[in-house]
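Working notes, beginning with the structure itself.
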Amino acid sequence: METLEELWQSTGLYNFNLPNLIMILVGLLLIWLAVHKKFEPLLLLPIGFGGILANVPLAQMSDYDAQGFLGIIAHMGLDNGLFPLLIFMGVGAMTDFGPLLANPKTAFLGAAAQFGIFFTVLGALLLSEFVPQINFSIADAAAIGIIGGADGPTAIFLSSRIAPELLGAIAVAAYSYMALVPIIQPPIMRWLTTEEERKIEMQQLRHVRKVEKIVFPIMVLLIGAVLLPTATPLIGALMFGNLLKECGVVERLSKTAQNELINIVTILLGLAVGGKLAADKFLTFETVGILLLGLVAFGVGTATGVLLAKLMNRFTKENINPLIGAAGVSAVPMAARVVNKVGLEANHHNPLLMHAMGPNVAGVIGSAVAAGVLLAMCT
């Protein structure tokens with residue numbers, strides 16, 4: 001009888017509790033969003049599956065000391081920030097900075113969209129002040145604010161450095177809102193612009209020479225290293241990947257960064273993030289606050305990009321379609337595609353995709369710079 005009782009007590013069914021069940025349902029929800037709705041499937045699918053594994057009783061999948069599968073992966077490249085940097089390298093190898101170089105003033109729109117980050121940092125601190133169940137430190141607030149950049153790898157990199165206990169919730173919020181770009185952004189864009197503004201046609205972009213594309217990543221790296229060394233890991237990885245693409249002499253390395261490397265790291269990163277969704281760490285009041293603040297950050301970032309574009313039209317000869325300001329959040333290329341769709345709804349002869357790619361890729365650099373600023377403030 002004792003043997004049977006011990007066997008029963010060693011089963012998952014005996015050790016299951018409500019928090020585990022809730023988190024397994026959360027994991028299934030993420031998988032459903034990835035498969036059925038196609039919301040960021042490359043990451044929500046492994047995150048959801050990792051979340052299920054992390055909540056299997058007694059398995060200790062997320063425990064590095066117990067040689068848990070997810071714990072080993074997280075220790076290998078998540079806790080030290082390696083995986084996000086490798087992702088950034090692959091992103092750089094897939095990014096064309098040509099639209100930004102062809103119209104440099106769109107860099108201001110990418111910078112304006114980062115306002116949502118710093119606005120949310122203040123919001124997190126205020127939430128801690130007025131909600132007794134929530135206690136965010138300055139480092140926690142900084143890690144939460146970076147969600148507003150709509151850049152998952154940057155959010156993971158920064159939170160792994162300054163707020164590792166919040167990494168799971170921040171990653172889920174960042175990638176969930178990135179996936180919801182087509183739903184969140186259009187109402188804000190329409191609300192802040194008139195029909196006439198959405199119909200503004202922009203001139204065709206100039207041709208960007210190859211030498212410009214080669215010099216650009218080196219120049220950005222050097223400027224970043226001089227002005228903001230704490231952002232160098234992210235900017236350096238991004239620019240190295242881009243240089244592989246643009247130099248034209250290491251095609252094999254460029255293709256590897258764009259395909260095999262980023263695919264492998266994406267799988268490992270997703271599973272490791274999912275391993276951070278253990279019930280005892282995720283089901284807290286702080287998680288609810290993070291999800292709400294992330295939505296605010298994303299909305300503010302979208303709005304400030306649009307509003308700056310409208311302001312720029314008062315001082316420039318060539319009008320900018322203010323819709324492209326919404327692409328300043330660094331959800332590449334989804335935000336640019338959303339801008340293009342909303343623009344074509346207003347004017348069927350006015351494709352904005354390439355114009356929107358300028359602030360979109362500028363937003364990638366902007367979010368890395370913002371992360372460097374926050375990292376410098378908190379360390």
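Residues are named by chain letter and number: chains run A, B, ... in the order of the structure tokens, numbers start at 1 in each chain, and ligands are numbered from 1 in the order shown.
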(Q) Can you pull out the residues contacting Leu353 (chain A)? Cut-off 9 Å, using only C-alpha atoms, and skip same-chain residues under 5 positions away; I want them as a ChimeraX atom specification. (A) /A:324,336-341
Can I get the selection written as an mmCIF file, in the first residue's frame, with N, CA and C atoms?
```cif
data_model
loop_
_atom_site.group_PDB
_atom_site.id
_atom_site.type_symbol
_atom_site.label_atom_id
_atom_site.label_comp_id
_atom_site.auth_asym_id
_atom_site.auth_seq_id
_atom_site.Cartn_x
_atom_site.Cartn_y
_atom_site.Cartn_z
ATOM 1 N N ILE A 324 3.408 57.452 -41.763
ATOM 2 C CA ILE A 324 4.678 56.724 -41.680
ATOM 3 C C ILE A 324 5.327 56.896 -40.305
ATOM 4 N N ALA A 336 5.496 48.793 -40.925
ATOM 5 C CA ALA A 336 5.526 49.453 -42.235
ATOM 6 C C ALA A 336 4.405 48.929 -43.132
ATOM 7 N N ARG A 337 4.125 47.648 -43.048
ATOM 8 C CA ARG A 337 3.046 47.073 -43.858
ATOM 9 C C ARG A 337 1.687 47.618 -43.418
ATOM 10 N N VAL A 338 1.518 47.802 -42.118
ATOM 11 C CA VAL A 338 0.264 48.357 -41.613
ATOM 12 C C VAL A 338 0.091 49.788 -42.108
ATOM 13 N N VAL A 339 1.164 50.576 -42.075
ATOM 14 C CA VAL A 339 1.124 51.941 -42.593
ATOM 15 C C VAL A 339 0.723 51.938 -44.066
ATOM 16 N N ASN A 340 1.336 51.040 -44.821
ATOM 17 C CA ASN A 340 1.030 50.956 -46.249
ATOM 18 C C ASN A 340 -0.444 50.621 -46.480
ATOM 19 N N LYS A 341 -0.977 49.721 -45.692
ATOM 20 C CA LYS A 341 -2.376 49.319 -45.845
ATOM 21 C C LYS A 341 -3.321 50.476 -45.546
#
```
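Near Thr256 (chain A), within 10 Å and counting only C-alpha atoms, sit Gly90, Ala93, Glu251, Leu261, Ile262 and Asn263 of chain A, not including residues fewer than 5 positions from it in the same chain.
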Q: Name all residues at most 8 Å from His355 (chain A) (count only C-alpha atoms; drop same-chain ones fewer than 2 positions away) and give them as number ranges by chain.
A: A: 99, 202, 205, 324, 352-353, 357-359
Could those residues be written to a file, using N, CA and C atoms, as an mmCIF file, in the first residue's frame?
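Result went into selection-v4.cif, see below:
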```
data_model
loop_
_atom_site.group_PDB
_atom_site.id
_atom_site.type_symbol
_atom_site.label_atom_id
_atom_site.label_comp_id
_atom_site.auth_asym_id
_atom_site.auth_seq_id
_atom_site.Cartn_x
_atom_site.Cartn_y
_atom_site.Cartn_z
ATOM 1 N N PRO A 99 16.105 52.838 -47.370
ATOM 2 C CA PRO A 99 15.058 53.866 -47.240
ATOM 3 C C PRO A 99 15.395 54.946 -46.218
ATOM 4 N N MET A 202 4.026 60.987 -51.360
ATOM 5 C CA MET A 202 5.433 61.323 -51.150
ATOM 6 C C MET A 202 6.237 61.003 -52.402
ATOM 7 N N LEU A 205 11.781 57.680 -53.555
ATOM 8 C CA LEU A 205 13.070 57.749 -52.876
ATOM 9 C C LEU A 205 14.222 57.673 -53.876
ATOM 10 N N ILE A 324 3.408 57.452 -41.763
ATOM 11 C CA ILE A 324 4.678 56.724 -41.680
ATOM 12 C C ILE A 324 5.327 56.896 -40.305
ATOM 13 N N LEU A 352 2.977 53.413 -49.510
ATOM 14 C CA LEU A 352 3.856 54.047 -48.519
ATOM 15 C C LEU A 352 4.881 53.078 -47.922
ATOM 16 N N LEU A 353 4.914 51.852 -48.423
ATOM 17 C CA LEU A 353 5.738 50.826 -47.777
ATOM 18 C C LEU A 353 7.199 51.236 -47.664
ATOM 19 N N MET A 357 9.479 52.227 -44.316
ATOM 20 C CA MET A 357 10.624 51.424 -43.884
ATOM 21 C C MET A 357 11.728 52.296 -43.304
ATOM 22 N N GLY A 358 11.786 53.581 -43.704
ATOM 23 C CA GLY A 358 12.798 54.477 -43.142
ATOM 24 C C GLY A 358 12.660 54.613 -41.640
ATOM 25 N N PRO A 359 11.516 55.117 -41.142
ATOM 26 C CA PRO A 359 11.349 55.193 -39.681
ATOM 27 C C PRO A 359 11.306 53.826 -39.021
#
```
Q: Between A:Trp191, A:Phe298, A:Phe49, A:Phe88, single out the one closest to Leu29 (chain A), counting only C-alpha atoms.
A: A:Phe49
Q) Which polymer residues have any atom within 12 Å of an atom of Thr316 (chain A), counting only C-alpha atoms, with same-chain residues fewer than 6 positions away left out, as a PyMOL selection string? A) chain A and resi 105+309-310
Those selected residues, please, written with C-alpha atoms and delivered as an mmCIF file, in the first residue's frame.
```cif
data_model
loop_
_atom_site.group_PDB
_atom_site.id
_atom_site.type_symbol
_atom_site.label_atom_id
_atom_site.label_comp_id
_atom_site.auth_asym_id
_atom_site.auth_seq_id
_atom_site.Cartn_x
_atom_site.Cartn_y
_atom_site.Cartn_z
ATOM 1 C CA LYS A 105 14.820 62.965 -41.753
ATOM 2 C CA ALA A 309 5.418 63.753 -38.614
ATOM 3 C CA LYS A 310 2.545 66.253 -38.526
#
```
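Straight-line separation from CA of Met89 (chain A) to CA of Leu291 (chain A): 27.7 Å.
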Q | In region 18-137 of chain A, DSSP alpha helix (DSSP H) residues written as number ranges by chain | A | A: 18-35, 41-54, 69-73, 82-94, 98-102, 107-112, 115-130
Those same residues, written as a short mmCIF file (atom, residue, chain, number, x, y, z; two decimals), in the first residue's frame with C-alpha atoms?
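Result file follows (part_7.cif):
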```cif
data_model
loop_
_atom_site.label_atom_id
_atom_site.label_comp_id
_atom_site.auth_asym_id
_atom_site.auth_seq_id
_atom_site.Cartn_x
_atom_site.Cartn_y
_atom_site.Cartn_z
CA LEU A 18 -4.64 25.56 -10.04
CA PRO A 19 -1.73 27.94 -10.83
CA ASN A 20 -0.05 25.24 -12.93
CA LEU A 21 -3.27 24.61 -14.79
CA ILE A 22 -3.77 28.34 -15.47
CA MET A 23 -0.26 28.70 -16.88
CA ILE A 24 -0.66 25.62 -19.07
CA LEU A 25 -3.82 27.22 -20.46
CA VAL A 26 -1.81 30.41 -21.07
CA GLY A 27 0.73 28.33 -22.98
CA LEU A 28 -2.04 26.75 -25.05
CA LEU A 29 -3.47 30.23 -25.73
CA LEU A 30 -0.10 31.41 -27.07
CA ILE A 31 0.13 28.33 -29.30
CA TRP A 32 -3.42 28.96 -30.55
CA LEU A 33 -2.58 32.59 -31.35
CA ALA A 34 0.53 31.46 -33.23
CA VAL A 35 -1.13 28.66 -35.21
CA PRO A 41 4.28 32.34 -34.72
CA LEU A 42 8.07 32.02 -34.83
CA LEU A 43 8.26 33.02 -31.17
CA LEU A 44 4.81 32.62 -29.63
CA LEU A 45 4.79 28.92 -30.58
CA PRO A 46 8.03 27.98 -28.77
CA ILE A 47 7.22 30.37 -25.89
CA GLY A 48 3.82 28.74 -25.44
CA PHE A 49 5.27 25.23 -25.56
CA GLY A 50 8.05 26.20 -23.17
CA GLY A 51 5.43 27.66 -20.81
CA ILE A 52 3.62 24.31 -20.74
CA LEU A 53 6.86 22.43 -20.02
CA ALA A 54 7.77 24.86 -17.22
CA PHE A 69 16.13 21.20 -20.17
CA LEU A 70 14.78 24.76 -20.24
CA GLY A 71 17.03 25.85 -17.39
CA ILE A 72 20.12 24.74 -19.31
CA ILE A 73 19.01 26.66 -22.40
CA LEU A 82 23.57 36.16 -25.73
CA PHE A 83 20.46 35.01 -27.60
CA PRO A 84 19.02 38.52 -28.15
CA LEU A 85 22.37 39.68 -29.50
CA LEU A 86 22.50 36.81 -31.99
CA ILE A 87 18.93 37.61 -33.01
CA PHE A 88 19.98 41.22 -33.59
CA MET A 89 22.84 40.01 -35.77
CA GLY A 90 20.37 38.10 -37.93
CA VAL A 91 17.98 41.06 -38.02
CA GLY A 92 20.84 43.27 -39.18
CA ALA A 93 21.64 40.82 -41.97
CA MET A 94 18.01 40.99 -43.14
CA GLY A 98 18.44 52.15 -47.87
CA PRO A 99 15.06 53.87 -47.24
CA LEU A 100 16.51 55.56 -44.15
CA LEU A 101 19.60 56.72 -46.04
CA ALA A 102 17.45 57.95 -48.92
CA ALA A 107 15.18 58.99 -38.46
CA PHE A 108 13.47 61.58 -36.27
CA LEU A 109 10.24 59.60 -36.55
CA GLY A 110 12.01 56.46 -35.36
CA ALA A 111 13.39 58.44 -32.43
CA ALA A 112 10.00 59.97 -31.58
CA PHE A 115 9.02 58.34 -26.33
CA GLY A 116 6.59 55.60 -25.34
CA ILE A 117 9.48 53.84 -23.59
CA PHE A 118 10.31 56.70 -21.24
CA PHE A 119 6.65 57.61 -20.72
CA THR A 120 6.02 54.06 -19.52
CA VAL A 121 9.01 54.10 -17.17
CA LEU A 122 7.32 56.96 -15.34
CA GLY A 123 3.99 55.14 -15.53
CA ALA A 124 5.47 52.04 -13.88
CA LEU A 125 6.90 54.10 -11.04
CA LEU A 126 3.54 55.86 -10.54
CA LEU A 127 1.74 52.51 -10.55
CA SER A 128 4.03 51.33 -7.77
CA GLU A 129 3.24 54.47 -5.83
CA PHE A 130 -0.54 54.08 -5.93
#
```
(Q) When you count only C-alpha atoms, which of these residues is closest to Val296 (chain A): A:Gly148, A:Pro104, A:Gly224, A:Pro57? (A) A:Gly148
